[in-house]
>>> print(open('work_5.pdb').read())   # PDB, C-alpha atoms
ATOM      1  CA  MET A   1       0.000   0.000   0.000
ATOM      2  CA  ALA A   2       1.448   3.330  -1.014
ATOM      3  CA  PHE A   3       0.824   6.573   0.771
ATOM      4  CA  MET A   4       0.783   9.822  -1.119
ATOM      5  CA  ARG A   5       1.563  13.075   0.580
ATOM      6  CA  CYS A   6      -0.706  15.955  -0.368
ATOM      7  CA  HIS A   7       0.847  19.370  -0.805
ATOM      8  CA  ARG A   8      -0.813  22.732  -0.747
ATOM      9  CA  ALA A   9      -0.985  24.336  -4.139
ATOM     10  CA  LEU A  10       0.818  27.571  -4.803
ATOM     11  CA  PRO A  11      -1.726  30.404  -4.491
ATOM     12  CA  GLN A  12      -3.122  31.645  -7.781
ATOM     13  CA  GLY A  13      -2.519  35.202  -8.949
ATOM     14  CA  GLU A  14       0.135  37.266  -7.254
ATOM     15  CA  THR A  15       2.082  35.398  -4.623
ATOM     16  CA  THR A  16       3.762  37.053  -1.690
ATOM     17  CA  VAL A  17       7.264  36.053  -0.725
ATOM     18  CA  GLU A  18       5.918  34.536   2.488
ATOM     19  CA  GLU A  19       3.359  32.443   0.576
ATOM     20  CA  PHE A  20       6.078  31.203  -1.779
ATOM     21  CA  ARG A  21       8.369  30.407   1.124
ATOM     22  CA  ALA A  22       5.598  28.550   3.005
ATOM     23  CA  TRP A  23       4.686  26.582  -0.119
ATOM     24  CA  LEU A  24       8.312  25.664  -0.772
ATOM     25  CA  SER A  25       8.876  24.585   2.848
ATOM     26  CA  GLN A  26       6.426  21.699   2.307
ATOM     27  CA  PHE A  27       9.037  20.065   0.104
ATOM     28  CA  ASP A  28      11.896  20.404   2.598
ATOM     29  CA  ALA A  29      12.070  16.648   3.234
ATOM     30  CA  ASN A  30      14.714  16.725   5.957
ATOM     31  CA  GLY A  31      13.436  19.906   7.646
ATOM     32  CA  ASP A  32      16.785  21.689   7.562
ATOM     33  CA  GLY A  33      15.332  24.919   6.152
ATOM     34  CA  ARG A  34      17.296  24.535   2.925
ATOM     35  CA  ILE A  35      16.108  23.284  -0.465
ATOM     36  CA  GLY A  36      18.103  20.753  -2.458
ATOM     37  CA  ARG A  37      17.686  19.974  -6.148
ATOM     38  CA  GLU A  38      15.526  16.890  -5.533
ATOM     39  CA  GLU A  39      13.256  18.820  -3.173
ATOM     40  CA  LEU A  40      12.981  21.655  -5.664
ATOM     41  CA  GLU A  41      12.222  19.188  -8.443
ATOM     42  CA  ARG A  42       9.331  17.736  -6.402
ATOM     43  CA  ALA A  43       8.025  21.249  -5.785
ATOM     44  CA  LEU A  44       8.131  22.123  -9.475
ATOM     45  CA  HIS A  45       6.615  18.780 -10.433
ATOM     46  CA  SER A  46       3.675  19.542  -8.113
ATOM     47  CA  LEU A  47       2.950  22.567 -10.321
ATOM     48  CA  ASN A  48       2.619  20.216 -13.309
ATOM     49  CA  LEU A  49       5.476  21.954 -15.083
ATOM     50  CA  TRP A  50       7.062  20.273 -18.053
ATOM     51  CA  PHE A  51      10.703  19.331 -17.589
ATOM     52  CA  ALA A  52      10.618  19.944 -13.824
ATOM     53  CA  TRP A  53      13.973  18.161 -13.448
ATOM     54  CA  TRP A  54      15.615  20.509 -15.928
ATOM     55  CA  LYS A  55      14.052  23.634 -14.401
ATOM     56  CA  ALA A  56      15.151  22.508 -10.939
ATOM     57  CA  ARG A  57      18.703  22.049 -12.226
ATOM     58  CA  GLU A  58      18.701  25.504 -13.822
ATOM     59  CA  ALA A  59      17.236  27.081 -10.676
ATOM     60  CA  MET A  60      19.970  25.495  -8.564
ATOM     61  CA  ARG A  61      22.665  26.754 -10.927
ATOM     62  CA  GLU A  62      21.317  30.263 -10.619
ATOM     63  CA  ALA A  63      20.333  30.325  -6.943
ATOM     64  CA  ASP A  64      23.062  28.259  -5.247
ATOM     65  CA  ALA A  65      25.750  30.939  -5.131
ATOM     66  CA  ASN A  66      28.186  29.026  -2.900
ATOM     67  CA  ARG A  67      27.705  25.747  -4.831
ATOM     68  CA  ASN A  68      27.042  23.619  -1.749
ATOM     69  CA  GLY A  69      24.129  21.816  -3.430
ATOM     70  CA  VAL A  70      21.301  23.506  -1.540
ATOM     71  CA  VAL A  71      19.572  26.872  -1.563
ATOM     72  CA  ASP A  72      20.287  28.336   1.865
ATOM     73  CA  ARG A  73      18.287  31.058   3.557
ATOM     74  CA  ASP A  74      20.723  33.684   2.229
ATOM     75  CA  GLU A  75      20.253  32.428  -1.325
ATOM     76  CA  MET A  76      16.438  32.396  -1.318
ATOM     77  CA  VAL A  77      16.376  35.839  -2.944
ATOM     78  CA  ARG A  78      18.022  34.321  -5.992
ATOM     79  CA  LEU A  79      15.496  31.467  -6.089
ATOM     80  CA  TYR A  80      12.575  33.912  -5.878
ATOM     81  CA  ALA A  81      14.041  35.926  -8.730
ATOM     82  CA  PHE A  82      14.475  32.764 -10.824
ATOM     83  CA  ALA A  83      10.857  31.741 -10.181
ATOM     84  CA  GLN A  84       9.609  35.144 -11.223
ATOM     85  CA  ARG A  85      11.670  35.283 -14.427
ATOM     86  CA  HIS A  86      11.662  31.703 -15.649
ATOM     87  CA  LEU A  87       8.593  30.076 -14.129
ATOM     88  CA  HIS A  88       6.354  33.079 -14.726
ATOM     89  CA  LEU A  89       5.208  33.186 -11.124
ATOM     90  CA  LYS A  90       3.791  36.524 -10.138
ATOM     91  CA  MET A  91       5.306  37.830  -6.942
ATOM     92  CA  ASN A  92       4.196  41.139  -5.645
ATOM     93  CA  ASP A  93       7.104  42.404  -3.550
ATOM     94  CA  LEU A  94      10.365  40.873  -4.674
ATOM     95  CA  ASP A  95      12.302  43.977  -3.550
ATOM     96  CA  ASP A  96      11.400  43.267   0.085
ATOM     97  CA  VAL A  97      12.930  39.776   0.036
ATOM     98  CA  ALA A  98      16.290  40.996   1.291
ATOM     99  CA  SER A  99      14.763  41.482   4.748
ATOM    100  CA  TYR A 100      14.129  37.728   5.060
TER     101      TYR A 100
END
>>> encode(input="work_5.pdb", output="structure tokens")
Amino acid sequence: MAFMRCHRALPQGETTVEEFRAWLSQFDANGDGRIGREELERALHSLNLWFAWWKAREAMREADANRNGVVDRDEMVRLYAFAQRHLHLKMNDLDDVASY
């Protein structure tokens, strides 16, 4: 018997940084507060995006500034920017992300 974990959908329309962060935290499998490529791939797959594995790889290349394999809290700004530009997610206050 297989169990499937249900995830909240990303809110429709404009998404606040906090909403995006809360949605993404559902996929943090080990609870360390950082997002790895596999976790990001699951998150993108939940949005029914084509080529989620490729988009997750590209997002990691752009967001993981120190190349440690995860997007740390300090690098989240880069991940938000990637999502806005390449995934066409509408975020309403990307300039305020630096305070997180």
>>> closest_residue(input="work_5.pdb", among="A:Met91, A:Ile35, A:Trp50, A:His86", to="Asp74 (chain A)", atoms="only C-alpha atoms")
A:Ile35
>>> residues_around(input="work_5.pdb", residues="Arg57 (chain A)", least_positions_apart="3", cutoff="12 Å", atoms="all atoms listed in the file", output="list in words")
Gly36, Arg37, Glu38, Glu39, Leu40, Glu41, Arg42, Leu44, Phe51, Ala52, Trp53, Trp54, Met60, Arg61, Glu62, Ala63, Asp64, Gly69, Val70, Val71, Leu79 and Phe82 of chain A
>>> residues_around(input="work_5.pdb", residues="Ala43 (chain A)", least_positions_apart="2", cutoff="12 Å", atoms="only C-alpha atoms", output="number ranges by chain")
A: 6-10, 20-29, 35-41, 45-49, 52-53, 55-56, 59, 83
>>> atom_distance(input="work_5.pdb", atom1="CA of Asp72 (chain A)", atom2="CA of Gly33 (chain A)")
7.4 Å
>>> atom_distance(input="work_5.pdb", atom1="CA of Glu19 (chain A)", atom2="CA of Asn68 (chain A)")
25.4 Å
>>> closest_residue(input="work_5.pdb", among="A:Arg78, A:Arg73, A:Lys90, A:Arg34", to="Glu58 (chain A)", atoms="all atoms listed in the file")
A:Arg78
>>> axis_aligned_box(input="work_5.pdb", around="region 15-29 of chain A", padding_each_side="6 Å", output="JSON")
{"center_x": 7.1, "center_y": 26.9, "center_z": -0.7, "size_x": 22.0, "size_y": 32.4, "size_z": 19.9}
